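Enquirer: My structure is stored as entry22.cif, with mmCIF, C-alpha atoms.
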```cif
data_data
#
loop_
_atom_site.group_PDB
_atom_site.id
_atom_site.type_symbol
_atom_site.label_atom_id
_atom_site.label_comp_id
_atom_site.auth_asym_id
_atom_site.auth_seq_id
_atom_site.Cartn_x
_atom_site.Cartn_y
_atom_site.Cartn_z
ATOM 1 C CA MET S 1 55.822 123.193 131.382
ATOM 2 C CA PRO S 2 52.257 124.458 132.045
ATOM 3 C CA ARG S 3 49.615 123.824 129.435
ATOM 4 C CA ASP S 4 48.264 126.746 127.456
ATOM 5 C CA SER S 5 44.489 126.335 127.657
ATOM 6 C CA ASN S 6 43.860 128.983 124.978
ATOM 7 C CA ALA S 7 46.133 127.173 122.542
ATOM 8 C CA THR S 8 44.429 123.871 123.360
ATOM 9 C CA LYS S 9 40.976 125.400 122.841
ATOM 10 C CA ALA S 10 42.094 126.846 119.510
ATOM 11 C CA ARG S 11 43.456 123.473 118.359
ATOM 12 C CA LEU S 12 40.223 121.767 119.429
ATOM 13 C CA LEU S 13 38.106 124.326 117.574
ATOM 14 C CA ASP S 14 40.218 124.004 114.418
ATOM 15 C CA ALA S 15 40.014 120.213 114.577
ATOM 16 C CA ALA S 16 36.275 120.371 115.262
ATOM 17 C CA PHE S 17 35.729 122.688 112.295
ATOM 18 C CA ALA S 18 37.443 120.208 109.973
ATOM 19 C CA GLU S 19 35.555 117.276 111.497
ATOM 20 C CA PHE S 20 32.127 118.930 111.321
ATOM 21 C CA ALA S 21 32.734 120.184 107.775
ATOM 22 C CA ALA S 22 33.660 116.660 106.695
ATOM 23 C CA TYR S 23 31.094 114.607 108.628
ATOM 24 C CA GLY S 24 28.379 116.872 110.011
ATOM 25 C CA ILE S 25 27.215 116.813 113.592
ATOM 26 C CA ALA S 26 25.958 113.233 113.588
ATOM 27 C CA GLY S 27 29.008 111.811 111.835
ATOM 28 C CA ALA S 28 31.624 113.803 113.744
ATOM 29 C CA ARG S 29 33.526 111.906 116.394
ATOM 30 C CA VAL S 30 34.827 113.545 119.556
ATOM 31 C CA ASP S 31 37.672 111.001 119.648
ATOM 32 C CA ARG S 32 38.891 112.107 116.203
ATOM 33 C CA ILE S 33 38.623 115.782 117.142
ATOM 34 C CA ALA S 34 40.696 115.246 120.280
ATOM 35 C CA GLU S 35 43.252 113.120 118.452
ATOM 36 C CA THR S 36 43.622 115.667 115.637
ATOM 37 C CA ALA S 37 44.026 118.454 118.173
ATOM 38 C CA GLY S 38 46.524 116.465 120.220
ATOM 39 C CA ALA S 39 44.337 116.930 123.268
ATOM 40 C CA ASN S 40 42.502 114.834 125.808
ATOM 41 C CA LYS S 41 38.890 114.126 124.849
ATOM 42 C CA ARG S 42 37.728 115.217 128.313
ATOM 43 C CA LEU S 43 38.874 118.747 127.539
ATOM 44 C CA ILE S 44 36.195 119.044 124.858
ATOM 45 C CA TYR S 45 33.536 118.481 127.500
ATOM 46 C CA ALA S 46 35.285 120.740 130.003
ATOM 47 C CA TYR S 47 35.676 123.627 127.547
ATOM 48 C CA PHE S 48 32.573 123.305 125.374
ATOM 49 C CA GLY S 49 30.023 121.076 127.112
ATOM 50 C CA ASN S 50 29.047 118.456 124.563
ATOM 51 C CA LYS S 51 29.445 117.797 120.841
ATOM 52 C CA GLU S 52 26.403 119.898 119.940
ATOM 53 C CA GLN S 53 27.686 122.847 121.966
ATOM 54 C CA LEU S 54 31.075 122.452 120.332
ATOM 55 C CA PHE S 55 29.353 122.602 116.939
ATOM 56 C CA ASP S 56 27.521 125.755 118.030
ATOM 57 C CA GLU S 57 30.838 127.387 118.938
ATOM 58 C CA VAL S 58 32.439 126.311 115.655
ATOM 59 C CA LEU S 59 29.475 127.721 113.724
ATOM 60 C CA ARG S 60 29.508 130.981 115.711
ATOM 61 C CA ARG S 61 33.214 131.453 115.019
ATOM 62 C CA ALA S 62 32.751 130.656 111.318
ATOM 63 C CA MET S 63 29.956 133.255 111.093
ATOM 64 C CA GLU S 64 32.107 135.874 112.815
ATOM 65 C CA ALA S 65 35.074 135.132 110.573
ATOM 66 C CA GLY S 66 32.842 135.331 107.497
ATOM 67 C CA ALA S 67 31.390 138.668 108.596
ATOM 68 C CA GLU S 68 34.908 140.023 109.121
ATOM 69 C CA SER S 69 36.201 138.658 105.818
ATOM 70 C CA VAL S 70 33.177 139.722 103.773
ATOM 71 C CA PRO S 71 31.686 142.940 105.150
ATOM 72 C CA PHE S 72 28.064 143.534 104.205
ATOM 73 C CA ASP S 73 27.280 146.566 102.049
ATOM 74 C CA ALA S 74 23.603 146.893 101.197
ATOM 75 C CA ASP S 75 24.420 149.672 98.712
ATOM 76 C CA ASP S 76 26.599 147.268 96.715
ATOM 77 C CA LEU S 77 24.888 143.876 96.665
ATOM 78 C CA PRO S 78 26.695 142.801 93.468
ATOM 79 C CA GLY S 79 30.044 143.521 95.136
ATOM 80 C CA TYR S 80 28.890 141.653 98.231
ATOM 81 C CA ALA S 81 27.875 138.632 96.111
ATOM 82 C CA GLY S 82 31.278 138.649 94.397
ATOM 83 C CA ALA S 83 33.088 138.865 97.733
ATOM 84 C CA ILE S 84 31.074 135.929 99.106
ATOM 85 C CA PHE S 85 31.887 133.961 95.975
ATOM 86 C CA ASP S 86 35.613 134.681 96.399
ATOM 87 C CA HIS S 87 35.492 133.771 100.085
ATOM 88 C CA LEU S 88 33.792 130.440 99.429
ATOM 89 C CA VAL S 89 36.111 129.577 96.547
ATOM 90 C CA ALA S 90 39.022 130.109 98.929
ATOM 91 C CA ARG S 91 37.302 128.188 101.750
ATOM 92 C CA PRO S 92 34.887 125.552 100.393
ATOM 93 C CA ASP S 93 34.903 123.904 103.817
ATOM 94 C CA LEU S 94 32.762 126.822 105.041
ATOM 95 C CA MET S 95 30.033 125.907 102.584
ATOM 96 C CA ARG S 96 30.226 122.244 103.606
ATOM 97 C CA LEU S 97 29.872 123.240 107.276
ATOM 98 C CA ARG S 98 26.854 125.398 106.388
ATOM 99 C CA LEU S 99 25.257 122.581 104.397
ATOM 100 C CA TRP S 100 25.645 120.139 107.272
ATOM 101 C CA LYS S 101 24.115 122.706 109.600
ATOM 102 C CA LEU S 102 21.136 123.156 107.256
ATOM 103 C CA LEU S 103 20.665 119.397 106.901
ATOM 104 C CA GLU S 104 20.912 118.566 110.581
ATOM 105 C CA ARG S 105 19.562 121.765 112.137
ATOM 106 C CA PRO S 106 17.460 123.619 109.574
ATOM 107 C CA ALA S 107 16.157 126.242 112.008
ATOM 108 C CA ALA S 108 18.187 129.442 112.224
ATOM 109 C CA THR S 109 20.197 129.991 115.366
ATOM 110 C CA GLU S 110 19.672 133.288 117.174
ATOM 111 C CA PRO S 111 22.970 134.725 115.846
ATOM 112 C CA GLU S 112 21.960 133.699 112.299
ATOM 113 C CA ALA S 113 18.510 135.217 112.720
ATOM 114 C CA GLU S 114 19.968 138.440 114.141
ATOM 115 C CA ALA S 115 22.450 138.742 111.266
ATOM 116 C CA LEU S 116 19.613 138.239 108.772
ATOM 117 C CA ARG S 117 17.427 140.843 110.530
ATOM 118 C CA ARG S 118 20.272 143.361 110.530
ATOM 119 C CA LYS S 119 21.104 142.815 106.847
ATOM 120 C CA THR S 120 17.433 142.866 105.843
ATOM 121 C CA ALA S 121 16.972 146.199 107.640
ATOM 122 C CA GLN S 122 19.979 147.590 105.765
ATOM 123 C CA VAL S 123 18.548 146.351 102.452
ATOM 124 C CA ALA S 124 15.202 147.986 103.297
ATOM 125 C CA ASP S 125 17.011 151.239 104.066
ATOM 126 C CA ALA S 126 18.909 151.075 100.752
ATOM 127 C CA GLN S 127 15.596 150.473 98.995
ATOM 128 C CA ARG S 128 14.058 153.554 100.653
ATOM 129 C CA ARG S 129 17.048 155.606 99.529
ATOM 130 C CA GLY S 130 16.611 154.398 95.932
ATOM 131 C CA LYS S 131 19.843 152.358 95.852
ATOM 132 C CA LEU S 132 18.070 149.020 95.388
ATOM 133 C CA THR S 133 14.986 147.839 93.554
ATOM 134 C CA LEU S 134 11.625 148.012 95.279
ATOM 135 C CA GLY S 135 10.459 145.048 93.199
ATOM 136 C CA MET S 136 11.263 142.526 95.914
ATOM 137 C CA GLU S 137 10.800 142.371 99.646
ATOM 138 C CA PRO S 138 14.109 143.139 101.415
ATOM 139 C CA ALA S 139 14.501 139.601 102.803
ATOM 140 C CA ASP S 140 13.725 138.072 99.400
ATOM 141 C CA LEU S 141 16.238 140.313 97.639
ATOM 142 C CA LEU S 142 18.924 139.423 100.159
ATOM 143 C CA THR S 143 18.103 135.713 99.824
ATOM 144 C CA MET S 144 18.379 135.879 96.033
ATOM 145 C CA VAL S 145 21.762 137.624 96.191
ATOM 146 C CA LEU S 146 23.075 135.061 98.698
ATOM 147 C CA ALA S 147 21.746 132.217 96.546
ATOM 148 C CA ALA S 148 23.469 133.622 93.451
ATOM 149 C CA ALA S 149 26.757 133.865 95.345
ATOM 150 C CA GLN S 150 26.536 130.274 96.553
ATOM 151 C CA ALA S 151 25.072 128.642 93.441
ATOM 152 C CA TRP S 152 28.505 127.775 92.023
ATOM 153 C CA PHE S 153 28.977 125.232 94.799
ATOM 154 C CA TRP S 154 26.314 122.932 93.368
ATOM 155 C CA ALA S 155 28.276 122.607 90.129
ATOM 156 C CA ASP S 156 31.233 120.963 91.869
ATOM 157 C CA GLU S 157 32.529 118.216 89.631
ATOM 158 C CA ALA S 158 33.694 115.468 91.990
ATOM 159 C CA GLY S 159 35.923 117.861 93.898
ATOM 160 C CA GLN S 160 37.987 118.813 90.862
ATOM 161 C CA PRO S 161 39.310 122.370 91.014
ATOM 162 C CA TRP S 162 37.931 124.699 88.398
ATOM 163 C CA PRO S 163 40.340 126.362 86.006
ATOM 164 C CA PRO S 164 40.869 130.079 86.761
ATOM 165 C CA GLU S 165 39.069 131.125 83.559
ATOM 166 C CA ARG S 166 35.953 129.212 84.571
ATOM 167 C CA LEU S 167 36.037 130.690 88.074
ATOM 168 C CA ALA S 168 36.344 134.169 86.584
ATOM 169 C CA ARG S 169 33.398 133.584 84.236
ATOM 170 C CA HIS S 170 31.262 132.208 87.014
ATOM 171 C CA ARG S 171 32.177 135.065 89.387
ATOM 172 C CA ALA S 172 31.232 137.561 86.674
ATOM 173 C CA ALA S 173 27.888 135.786 86.241
ATOM 174 C CA VAL S 174 27.275 135.911 90.016
ATOM 175 C CA VAL S 175 27.972 139.645 90.137
ATOM 176 C CA GLU S 176 25.858 140.315 87.023
ATOM 177 C CA THR S 177 22.958 138.285 88.427
ATOM 178 C CA ALA S 178 23.101 140.210 91.700
ATOM 179 C CA ARG S 179 23.268 143.492 89.748
ATOM 180 C CA ARG S 180 20.226 142.609 87.640
ATOM 181 C CA ILE S 181 18.052 141.592 90.575
ATOM 182 C CA SER S 182 19.076 144.484 92.822
ATOM 183 C CA THR S 183 19.322 147.492 90.494
ATOM 184 C CA PRO S 184 16.379 149.908 90.755
ATOM 185 C CA LYS S 185 13.995 149.690 87.823
ATOM 186 C CA ALA S 186 12.109 152.541 86.127
ATOM 187 C CA ALA S 187 8.963 151.321 87.898
ATOM 188 C CA ASP S 188 10.706 151.924 91.263
ATOM 189 C CA ALA S 189 10.791 155.686 90.693
#
```
Is it possible to give me this structure as C-alpha cells?

Expert:
Amino acid sequence: MPRDSNATKARLLDAAFAEFAAYGIAGARVDRIAETAGANKRLIYAYFGNKEQLFDEVLRRAMEAGAESVPFDADDLPGYAGAIFDHLVARPDLMRLRLWKLLERPAATEPEAEALRRKTAQVADAQRRGKLTLGMEPADLLTMVLAAAQAWFWADEAGQPWPPERLARHRAAVVETARRISTPKAADA
C-alpha cells in the first residue's frame, strides 16, 4: 500500500504542534514528534527542513486557523475580544504555543507583522469613521484589546479548569474592558 504523504505531513504537524506547545522550540524533540506521528524522523527534515522551520510552519498554520476561527472586525472590538477569549478557552494550547514563541523568538515574523499592519489599518479606518475612540493610537488600541482578551490566561490555577460561571464572568469583563477602551468618547467628536 503506498504511503499518503499528505496524511503523514498532517500527522507530523499535529504532533509538532503538541510538542512545541508543551516544550517550546528548544525543548521539543524531533524523535518524539516522529514517534507521536508514527512517522520516520527523516521525513521531518525532508518535508520541513529542520526543527526551526517545522516550528515556523506550525506557527503559520496556527495563525491561519486562528484568523479563520476568529475573524477580525475593527467595528466590533469588544466582540472580537470575546471571540478570542472563547477561542483560547477552547484551545489553551494555542496560547502556550504563542508564549513559547514570544520567549524564544520575540521578534515578529513577517506573517505576524503583516497581520498586525492589516488590523491596525482597519482600526485606523474605524477611528476615522467614528466607530472607535481617537484617544489611542490604532496599534495601541489593538494591543490593549488583545491583551484584555488574553489576560485570563495568567490567572490559571495550576491547570485546574474554571467553573462555567467564572468563565462567563471573566468573558463579560473582557468584553466590557474592550468596550470601555474602544468606544468613542465625547472628546473624539

Enquirer: Starting from the displayed file, determine the output of the PyMOL selection byres ((chain S and resi 78) around 6) and express the residue list as a ChimeraX atom specification.

Expert: /S:76-77,79-81,175,178-179

Enquirer: Dig up all the protein and nucleic acid residues within 7 Å of (18.9, 150.2, 94.7) in the file frame, using all atoms listed in the file, and format them as a list in words.

Expert: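 Every polymer residue passing the test: Asp75, Ala126, Gln127, Gly130, Lys131, Leu132, Thr133, Ser182, Thr183 and Pro184 of chain S.
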
Enquirer: Determine the nearest neighbour of Ala151 of chain S from the options S:Ala7, S:Ala121, S:Ala108, S:Val89, counting all atoms listed in the file.

Expert: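 Residue with the minimum atom-to-atom distance to Ala151 of chain S: S:Val89.
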
Enquirer: Which residues, named as in the file, does the PyMOL selection byres ((chain S and resi 85) around 8) pick out? Answer as a list in words.

Expert: Ala81, Gly82, Ala83, Ile84, Asp86, His87, Leu88, Val89, Ala149, Gln150, Arg171 and Val174 of chain S

Enquirer: Measuring between all atoms listed in the file, which one of S:Asp93, S:Asp14, S:Glu176, S:Glu52 shows the shortest distance to Ala26 of chain S?

Expert: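 Looking at the shortest contact to Ala26 of chain S, the residue is S:Glu52.
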
Enquirer: Return the single residue from S:Ala67, S:Ala34, S:Ala46, S:Ala173 that is closest to Val145 of chain S, with distances computed using all atoms listed in the file.

Expert: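 Using all atoms listed in the file, Val145 of chain S sits closest to S:Ala173.
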
Enquirer: Would you pick out the contacts of Val58 of chain S at 12 Å or less, using all atoms listed in the file, so that residues sharing its chain but fewer than 4 positions from it are not included, and give the list as a tab-separated table (two decimals) with C-alpha atoms, in the coordinates of the input?

Expert:
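So the final result, stored in around00.tsv, reads:
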```tsv
chain	number	residue	atom	x	y	z
S	9	LYS	CA	40.98	125.40	122.84
S	10	ALA	CA	42.09	126.85	119.51
S	11	ARG	CA	43.46	123.47	118.36
S	12	LEU	CA	40.22	121.77	119.43
S	13	LEU	CA	38.11	124.33	117.57
S	14	ASP	CA	40.22	124.00	114.42
S	15	ALA	CA	40.01	120.21	114.58
S	16	ALA	CA	36.28	120.37	115.26
S	17	PHE	CA	35.73	122.69	112.30
S	18	ALA	CA	37.44	120.21	109.97
S	19	GLU	CA	35.56	117.28	111.50
S	20	PHE	CA	32.13	118.93	111.32
S	21	ALA	CA	32.73	120.18	107.78
S	24	GLY	CA	28.38	116.87	110.01
S	25	ILE	CA	27.22	116.81	113.59
S	48	PHE	CA	32.57	123.30	125.37
S	51	LYS	CA	29.44	117.80	120.84
S	52	GLU	CA	26.40	119.90	119.94
S	53	GLN	CA	27.69	122.85	121.97
S	54	LEU	CA	31.08	122.45	120.33
S	62	ALA	CA	32.75	130.66	111.32
S	63	MET	CA	29.96	133.26	111.09
S	64	GLU	CA	32.11	135.87	112.82
S	65	ALA	CA	35.07	135.13	110.57
S	94	LEU	CA	32.76	126.82	105.04
S	97	LEU	CA	29.87	123.24	107.28
S	98	ARG	CA	26.85	125.40	106.39
S	101	LYS	CA	24.12	122.71	109.60
```

Enquirer: Pick from S:Asp56, S:Glu104, S:Asp73, S:Glu165: nearest to Thr120 of chain S, with only C-alpha atoms counted?

Expert: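 Result for the nearest residue to Thr120 of chain S: S:Asp73.
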
Enquirer: Identify which of the residues S:Pro138, S:Pro92, S:Pro111, S:Gly27 lies closest to Trp154 of chain S, counting all atoms listed in the file when measuring atom-to-atom distances.

Expert: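 Among the listed residues, S:Pro92 lies closest to Trp154 of chain S.
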
Enquirer: Could you tell me how far atom CA of Ile44 of chain S lies from atom CA of Ala115 of chain S, in Å and to one decimal?

Expert: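 Here the two named atoms are 27.6 Å from each other.
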
Enquirer: How big is the axis-aligned box, and where does its centre sit, when it encloses all atoms of segment 81-85 of chain S listed in the file and has 8 Å added on every side, reported in Å to one decimal as JSON?

Expert:
```
{"center_x": 30.5, "center_y": 136.4, "center_z": 96.8, "size_x": 21.2, "size_y": 20.9, "size_z": 20.7}
```

Enquirer: Since the input lacks atoms, please generate N, CA, C and O atoms for segment 71-82 of chain S and provide them as a PDB file, in the frame of the given file.

Expert:
```pdb
ATOM      1  N   PRO S  71      32.596 141.959 104.560  1.00  0.00           N
ATOM      2  CA  PRO S  71      31.686 142.940 105.150  1.00  0.00           C
ATOM      3  C   PRO S  71      30.455 143.152 104.268  1.00  0.00           C
ATOM      4  O   PRO S  71      30.547 143.146 103.042  1.00  0.00           O
ATOM      5  N   PHE S  72      29.328 143.338 104.921  1.00  0.00           N
ATOM      6  CA  PHE S  72      28.064 143.534 104.205  1.00  0.00           C
ATOM      7  C   PHE S  72      27.908 144.990 103.811  1.00  0.00           C
ATOM      8  O   PHE S  72      28.122 145.892 104.616  1.00  0.00           O
ATOM      9  N   ASP S  73      27.544 145.217 102.552  1.00  0.00           N
ATOM     10  CA  ASP S  73      27.280 146.566 102.049  1.00  0.00           C
ATOM     11  C   ASP S  73      25.988 146.505 101.245  1.00  0.00           C
ATOM     12  O   ASP S  73      25.986 146.073 100.092  1.00  0.00           O
ATOM     13  N   ALA S  74      24.902 146.957 101.863  1.00  0.00           N
ATOM     14  CA  ALA S  74      23.603 146.893 101.197  1.00  0.00           C
ATOM     15  C   ALA S  74      23.558 147.772  99.953  1.00  0.00           C
ATOM     16  O   ALA S  74      22.790 147.505  99.033  1.00  0.00           O
ATOM     17  N   ASP S  75      24.388 148.801  99.890  1.00  0.00           N
ATOM     18  CA  ASP S  75      24.420 149.672  98.712  1.00  0.00           C
ATOM     19  C   ASP S  75      25.142 149.036  97.535  1.00  0.00           C
ATOM     20  O   ASP S  75      25.065 149.529  96.410  1.00  0.00           O
ATOM     21  N   ASP S  76      25.860 147.945  97.777  1.00  0.00           N
ATOM     22  CA  ASP S  76      26.599 147.268  96.715  1.00  0.00           C
ATOM     23  C   ASP S  76      26.395 145.757  96.822  1.00  0.00           C
ATOM     24  O   ASP S  76      27.324 145.004  97.115  1.00  0.00           O
ATOM     25  N   LEU S  77      25.174 145.310  96.590  1.00  0.00           N
ATOM     26  CA  LEU S  77      24.888 143.876  96.665  1.00  0.00           C
ATOM     27  C   LEU S  77      25.660 143.065  95.623  1.00  0.00           C
ATOM     28  O   LEU S  77      26.113 141.962  95.933  1.00  0.00           O
ATOM     29  N   PRO S  78      25.869 143.569  94.410  1.00  0.00           N
ATOM     30  CA  PRO S  78      26.695 142.801  93.468  1.00  0.00           C
ATOM     31  C   PRO S  78      28.128 142.608  93.990  1.00  0.00           C
ATOM     32  O   PRO S  78      28.692 141.511  93.872  1.00  0.00           O
ATOM     33  N   GLY S  79      28.708 143.642  94.562  1.00  0.00           N
ATOM     34  CA  GLY S  79      30.044 143.521  95.136  1.00  0.00           C
ATOM     35  C   GLY S  79      30.072 142.546  96.294  1.00  0.00           C
ATOM     36  O   GLY S  79      31.019 141.769  96.464  1.00  0.00           O
ATOM     37  N   TYR S  80      29.008 142.581  97.111  1.00  0.00           N
ATOM     38  CA  TYR S  80      28.890 141.653  98.231  1.00  0.00           C
ATOM     39  C   TYR S  80      28.804 140.210  97.722  1.00  0.00           C
ATOM     40  O   TYR S  80      29.477 139.319  98.241  1.00  0.00           O
ATOM     41  N   ALA S  81      28.004 139.981  96.682  1.00  0.00           N
ATOM     42  CA  ALA S  81      27.875 138.632  96.111  1.00  0.00           C
ATOM     43  C   ALA S  81      29.229 138.150  95.582  1.00  0.00           C
ATOM     44  O   ALA S  81      29.617 137.001  95.808  1.00  0.00           O
ATOM     45  N   GLY S  82      29.959 139.021  94.904  1.00  0.00           N
ATOM     46  CA  GLY S  82      31.278 138.649  94.397  1.00  0.00           C
ATOM     47  C   GLY S  82      32.256 138.332  95.519  1.00  0.00           C
ATOM     48  O   GLY S  82      33.042 137.382  95.420  1.00  0.00           O
TER      49      GLY S  82
END
```
